[in-house]
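Q: Structure below; questions to follow.
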Amino acid sequence: MTPTRLFDFLDWQLHKFPQEDMLAAKENGVWKKYSTQEIKQLVDSLSMGLLKAGIGYQDGSIEGRDKVAVLSNNRPEWLVLDLAVQQTGAVLTPIYPTISVNELEFILNDASIKLVFVSDQDLYNKVQSIREKTPSVQAVYTFNEIQEALNWKDLLQIVEADDVDALNNSKAQVKGNELATILYTSGTTGFPKGVMLSHHNILDNIMNVEELLIPVCGASDRTLSFLPLNHIFERVISYIYIFRGVSIYYAESLDTVGENLKEVKPNLFSTVPRLLEKVYEKIMNKGRELTGIKKNLFFWAVGVGSKFEVDKDLGIGYKVQLAIANKLIFSKWREALGGNVKAIVTGAAACQVRLLKVFTAAQITIMEGYGLTETSPVISVNHYDSSGRRFGTVGKVIRNVEVKLAADGEICCKGSNVMMGYYKRPDLTDECIDKDGWFHTGDIGVWVEGDFLKITDRKKEIFKTSGGKYVAPQPIENKMKESSFIEQMIIIGAERKFTAALIVPAFANLKTWCQKHGIEASSNELMLNHPRVQEYYKTIIEKFNPQFNPVEQVKKFELLNAEWTINGGELTPTLKLKRKVIMEKYADAVERIYAVDDQK
């Protein structure tokens with residue numbers, strides 16, 4: 001009964017290790033648990049409702065398959081819908097809740113979406129606002145009860161004996177090599193592209209990754225899910241949880257993750273580096289609030305942790321210090337994450353090495369990996385076992401995936417994980433998948449120790465100064481963000497005389513610093529315009545500059561008074577910088593940086 005389609009994982013869990021809490025979410029402040037059997041019944045019931053509503057396979061062609069969209073926060077209904085749509089042979093098209101109305105209209109029309117499922121009133125209103133412009137949409141269903149809207153439960157059907165054959169026939173016609181989902185990547189520029197992934201693409205990727213999670217991921221374990229299920233990273237790891245029998249608890253929101261971690265006490269969870277940075281900074285801020293010997297002990301422990309090296313013997317003296325640090329300080333860090341966390345899986349962007357070292361020293365293993373939506377997604381990952389981990393790399397290439405570096409260092413990937421192509425865009429597919437089947441990732445990399453992959457930058461983000469020198473911005477940004485006073489940063493300088501930066505300060509830390517030094521801190525603007533603050537940031541930059549080549553060193557910078565966000569348009573849903581948007585939005589700040597130089 002080895003799974004050959006993604007929805008087979010549900011039957012697999014039901015037969016191998018049925019859980020009392022397969023999925024769980026807060027309802028009216030109380031955790032509501034759904035057993036494997038309950039989820040199975042809901043999925044089958046919704047599948048029958050969709051089939052009776054005319055949604056399904058239609059014919060074997062990509063265009064002939066009905067498309068269903070979902071805009072929702074993470075919740076049990078999301079996965080129920082996903083598996084139910086798959087069983088009908090239709091295709092789920094997840095859409096980020098934060099999407100702009102223009103992009104939403106584009107996707108609904110591009111994919112000829114027939115049904116839309118949304119979580120709440122705001123998203124219902126967003127879809128309704130463009131209904132006249134999206135003629136393919138037949139109905140919009142909500143997960144929350146909304147008075148004027150159709151509810152997803154309206155589709156649920158009691159599966160009678162006569163229906164079992166119809167449902168089984170529907171499932172049987174779905175083949176592993178056929179389209180399972182279309183994922184529109186928000187990207188950093190232009191309209192999104194629809195990545196087509198088959199059941200086989202994703203399922204094979206899962207089977208090549210799940211073996212690496214065996215030490216931290218099994219029946220009776222728990223996880224907390226808070227990364228968007230719309231993204232292939234969280235969705236695939238959710239399938240792995242189902243396959244391994246891990247109970248999935250959904251965080252109420254990003255704001256409640258800390259509280260939910262203590263309630264759920266997960267054994268592992270997935271995140272992105274940006275959120276890990278925020279957790280670390282929160283811990284450090286609490287450390288700064290301590291006084292006397294407690295404060296000294298805290299920062300001594302952080303110092304010990306920052307020297308940690310993976311798979312290296314640092315001597316008996318270091319081991320003793322680390323044991324003391326773990327007992328007195330790091331044990332409290334683990335408690336703050338629920339007390340049971342063995343590992344954290346992270347991806348989507350580079351993770352700062354200082355975080356990797358300190359968390360690993362605190363007995364919380366960070367399994368940093370790498371992949372793209374187009375590669376289903378995993379290409380490489382750092383293993384739980386220390387021999388398969390190296391700080392500053394994205395680990396070893398997983399089984400059944402090939403990687404080669406092109407002449408310019410671009411990472412190219414080949415394997416069953418590579419997408420079917422971009423929906424309705426064979427031209428774009430041909431641009432990134434060559435005639436030999438190699439997918440060109442757009443990332444630049446190098447090999448470390450022969451078999452550990454290290455990402456050095458995005459090919460399109462490397463720029464050339466007016467002096468003809470190349471600059472890779474990501475390593476500079478990642479290093480300088482190690483300062484507790486830099487929240488976000490973008491390195492600039494394409495076709496300019498020198499490298500510069502736009503910086504979003506860590507305002508909470510800056511405010512504390514200003515108050516300590518007698519500087520008015522009632523507003524961000526007052527702080528940023530103060531000469532001593534400007535001078536202080538200059539010293540921060542100058543501390544890091546010697547670690548880079550002269551052409552890479554930041555000569556000028558501008559401090560910005562607002563954080564970059566998804567809603568503000570500066571970040572993708574996976575918290576990557578939208579460089580083009582930021583450059584356009586802060587064009588005046590960029591010109592000020594270079595105008596000062598021109599006047600000299």
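All residue names refer to the structure tokens as shown: chains lettered A, B, ... in order, residues numbered from 1 in each chain, ligands numbered from 1 in order.
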Please, which residues of region 112-331 of chain A, numbered as in this document, come out strand (DSSP E or B) from DSSP, as a tab-separated table (two decimals) with N, CA and C atoms, in the first residue's frame?
A:
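What ended up in selection-v2.tsv:
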chain	number	residue	atom	x	y	z
A	115	LEU	N	-14.05	27.18	-8.28
A	115	LEU	CA	-14.48	27.41	-6.90
A	115	LEU	C	-13.36	28.06	-6.12
A	116	VAL	N	-13.75	28.96	-5.21
A	116	VAL	CA	-12.77	29.62	-4.33
A	116	VAL	C	-13.18	29.36	-2.89
A	117	PHE	N	-12.21	28.98	-2.06
A	117	PHE	CA	-12.43	28.79	-0.62
A	117	PHE	C	-11.60	29.83	0.13
A	118	VAL	N	-12.25	30.55	1.04
A	118	VAL	CA	-11.55	31.57	1.82
A	118	VAL	C	-11.83	31.34	3.31
A	139	ALA	N	-18.54	29.84	-7.57
A	139	ALA	CA	-18.99	30.04	-6.19
A	139	ALA	C	-17.79	30.29	-5.28
A	140	VAL	N	-18.07	31.00	-4.17
A	140	VAL	CA	-17.05	31.26	-3.15
A	140	VAL	C	-17.54	30.71	-1.83
A	141	TYR	N	-16.76	29.84	-1.21
A	141	TYR	CA	-17.12	29.22	0.06
A	141	TYR	C	-16.18	29.72	1.16
A	142	THR	N	-16.70	29.80	2.37
A	142	THR	CA	-15.89	30.28	3.50
A	142	THR	C	-15.73	29.16	4.53
A	150	LEU	N	-21.73	31.31	1.25
A	150	LEU	CA	-21.80	29.85	1.28
A	150	LEU	C	-20.71	29.34	2.22
A	151	ASN	N	-21.01	28.29	2.98
A	151	ASN	CA	-20.02	27.72	3.89
A	151	ASN	C	-19.54	26.38	3.35
A	179	LEU	N	-0.79	16.15	-12.99
A	179	LEU	CA	-0.77	17.41	-12.25
A	179	LEU	C	-1.49	17.30	-10.91
A	180	ALA	N	-0.81	17.73	-9.84
A	180	ALA	CA	-1.41	17.72	-8.50
A	180	ALA	C	-1.78	19.11	-8.04
A	181	THR	N	-0.98	20.10	-8.42
A	181	THR	CA	-1.23	21.46	-7.92
A	181	THR	C	-0.56	22.48	-8.83
A	182	ILE	N	-1.09	23.68	-8.83
A	182	ILE	CA	-0.44	24.81	-9.49
A	182	ILE	C	-0.14	25.83	-8.41
A	183	LEU	N	1.12	26.19	-8.30
A	183	LEU	CA	1.56	27.15	-7.27
A	183	LEU	C	2.08	28.40	-7.95
A	184	TYR	N	1.37	29.49	-7.75
A	184	TYR	CA	1.80	30.75	-8.36
A	184	TYR	C	2.85	31.40	-7.45
A	185	THR	N	4.06	31.48	-7.98
A	185	THR	CA	5.14	32.09	-7.20
A	185	THR	C	5.02	33.59	-7.30
A	193	LYS	N	4.05	33.44	-11.72
A	193	LYS	CA	4.08	32.32	-12.68
A	193	LYS	C	3.50	31.09	-12.00
A	194	GLY	N	2.71	30.31	-12.74
A	194	GLY	CA	2.10	29.11	-12.17
A	194	GLY	C	3.00	27.90	-12.32
A	195	VAL	N	3.57	27.45	-11.21
A	195	VAL	CA	4.43	26.27	-11.23
A	195	VAL	C	3.56	25.02	-11.16
A	196	MET	N	3.71	24.13	-12.14
A	196	MET	CA	2.92	22.89	-12.18
A	196	MET	C	3.74	21.75	-11.57
A	197	LEU	N	3.21	21.17	-10.50
A	197	LEU	CA	3.87	20.04	-9.85
A	197	LEU	C	2.95	18.83	-9.90
A	198	SER	N	3.51	17.70	-10.25
A	198	SER	CA	2.74	16.44	-10.29
A	198	SER	C	2.78	15.77	-8.92
A	222	ARG	N	4.86	15.74	17.95
A	222	ARG	CA	3.99	16.87	17.61
A	222	ARG	C	4.78	17.96	16.89
A	223	THR	N	4.07	18.73	16.08
A	223	THR	CA	4.68	19.90	15.46
A	223	THR	C	3.72	21.07	15.57
A	224	LEU	N	4.25	22.29	15.49
A	224	LEU	CA	3.43	23.50	15.40
A	224	LEU	C	3.62	24.08	14.02
A	225	SER	N	2.53	24.28	13.29
A	225	SER	CA	2.59	24.78	11.91
A	225	SER	C	2.17	26.25	11.88
A	247	SER	N	1.55	14.58	14.79
A	247	SER	CA	0.35	15.41	14.99
A	247	SER	C	0.67	16.86	14.65
A	248	ILE	N	-0.20	17.48	13.86
A	248	ILE	CA	0.00	18.86	13.42
A	248	ILE	C	-0.94	19.79	14.18
A	249	TYR	N	-0.35	20.72	14.93
A	249	TYR	CA	-1.12	21.75	15.63
A	249	TYR	C	-0.87	23.07	14.91
A	250	TYR	N	-1.96	23.81	14.65
A	250	TYR	CA	-1.83	25.06	13.91
A	250	TYR	C	-1.79	26.25	14.86
A	268	LEU	N	9.47	19.19	16.83
A	268	LEU	CA	10.14	19.93	15.76
A	268	LEU	C	9.13	20.86	15.12
A	269	PHE	N	9.63	21.84	14.38
A	269	PHE	CA	8.77	22.71	13.58
A	269	PHE	C	9.62	23.32	12.48
A	270	SER	N	8.96	23.90	11.49
A	270	SER	CA	9.66	24.54	10.37
A	270	SER	C	9.47	26.05	10.46
A	271	THR	N	10.45	26.77	9.98
A	271	THR	CA	10.38	28.23	10.01
A	271	THR	C	11.25	28.78	8.89
Q: So that I can see what lies close to Gly56 (chain A), please list as a PyMOL selection string the residues with an atom at most 7 Å from it, counting only C-alpha atoms and leaving out residues fewer than 3 positions away in the same chain.
A: chain A and resi 51+65-66+88-90
Q: Put those residues in a file: C-alpha atoms, as a PDB file, in the first residue's frame.
A:
ATOM      1  CA  LEU A  51     -17.952  15.612  -7.371  1.00  0.00           C
ATOM      2  CA  ARG A  65      -8.833  19.419 -14.971  1.00  0.00           C
ATOM      3  CA  ASP A  66     -11.017  21.725 -12.851  1.00  0.00           C
ATOM      4  CA  THR A  88     -11.660  14.263  -7.275  1.00  0.00           C
ATOM      5  CA  GLY A  89      -8.862  14.697  -9.812  1.00  0.00           C
ATOM      6  CA  ALA A  90      -9.259  18.470  -9.717  1.00  0.00           C
TER       7      ALA A  90
END
Q: For region 385-397 of chain A, list every protein, DNA or RNA residue within 7 Å, evaluated using only C-alpha atoms, and leave out those in the same chain fewer than 5 positions away; present the list as a PyMOL selection string.
A: chain A and resi 310-311+353+356+368-370+379-380+451-455
Q: Which of these, A:Gly518, A:Gly467, A:Gly303, A:Gly49, has the shortest distance to Phe498 (chain A) once you count only C-alpha atoms?
A: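 Selected residue with least distance to Phe498 (chain A): A:Gly467.
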Q: So that I can see what lies close to region 470-476 of chain A, please list as a ChimeraX atom specification the residues with an atom at most 8 Å from it, counting only C-alpha atoms and leaving out residues fewer than 4 positions away in the same chain.
A: /A:456-458,461-465,480,490-492,548,551-552
Q: With a distance cut-off of 10 Å and only C-alpha atoms, select the neighbouring residues of Leu577 (chain A), excluding the residue or stretch itself and same-chain residues fewer than 2 positions from it, and output the selection as a list in words.
A: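 Using only C-alpha atoms, the neighbours found are Gly187, Thr188, Gln488, Met489, Ile490, Trp564, Thr565, Ile566, Gly569, Glu570, Leu571, Thr572, Pro573, Thr574, Leu575, Arg579, Lys580, Val581 and Ile582 of chain A.
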Q: Leaving out Ala301 (chain A) and any residue of its chain fewer than 4 positions from it, which residues lie within 7 Å of it when counting only C-alpha atoms, given as a ChimeraX atom specification?
A: /A:297,305,325,329
Q: Can I get the selected residues back with N, CA and C atoms, as a CSV table (one decimal), in the first residue's frame?
A:
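again08.csv written:
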chain,number,residue,atom,x,y,z
A,297,LEU,N,26.1,36.0,33.4
A,297,LEU,CA,26.0,34.6,33.1
A,297,LEU,C,25.3,34.4,31.7
A,305,GLY,N,28.3,29.7,23.4
A,305,GLY,CA,27.5,29.1,22.3
A,305,GLY,C,28.0,29.6,20.9
A,325,ALA,N,26.6,26.1,30.6
A,325,ALA,CA,25.8,27.1,29.9
A,325,ALA,C,24.4,26.5,29.6
A,329,ILE,N,21.5,28.4,31.5
A,329,ILE,CA,20.9,29.4,30.5
A,329,ILE,C,20.1,28.8,29.4
Q: Name the closest residue to Ala562 (chain A) among the candidates A:Pro505, A:Pro546, A:Gly493, A:Gly54; distances are taken between atoms, counting only C-alpha atoms.
A: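 Checking each candidate against Ala562 (chain A), we get A:Pro505 as the closest.
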Q: Select from region 523-560 of chain A everything DSSP, run on the backbone, classes as alpha helix (DSSP H), then give the selection as a VMD selection string.
A: chain A and resid 524 to 529 531 to 544
Q: Check the smallest atom-to-atom distance from each of A:Asn205, A:Ser483, A:Asn561, A:Gln157 to Glu542 (chain A) using only C-alpha atoms, then report the winner.
A: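 Going through A:Asn205, A:Ser483, A:Asn561, A:Gln157 one by one, the smallest distance to Glu542 (chain A) is for A:Ser483.
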Q: When you draw a straight line from CA of Ala595 (chain A) to CA of Pro531 (chain A), how long is it in Å?
A: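 So the answer is 19.3 Å.
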Q: State, in Å with one decimal place, the distance from CA of Thr36 (chain A) to CA of Ser253 (chain A).
A: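 One can read the CA of Thr36 (chain A) to CA of Ser253 (chain A) distance as 24.0 Å.
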Q: Hey, which of A:Asn28, A:Gln87, A:Ser416, A:Asn169 ends up closest to Leu10 (chain A)? Count only C-alpha atoms.
A: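 The answer is A:Gln87, which sits nearest to Leu10 (chain A).
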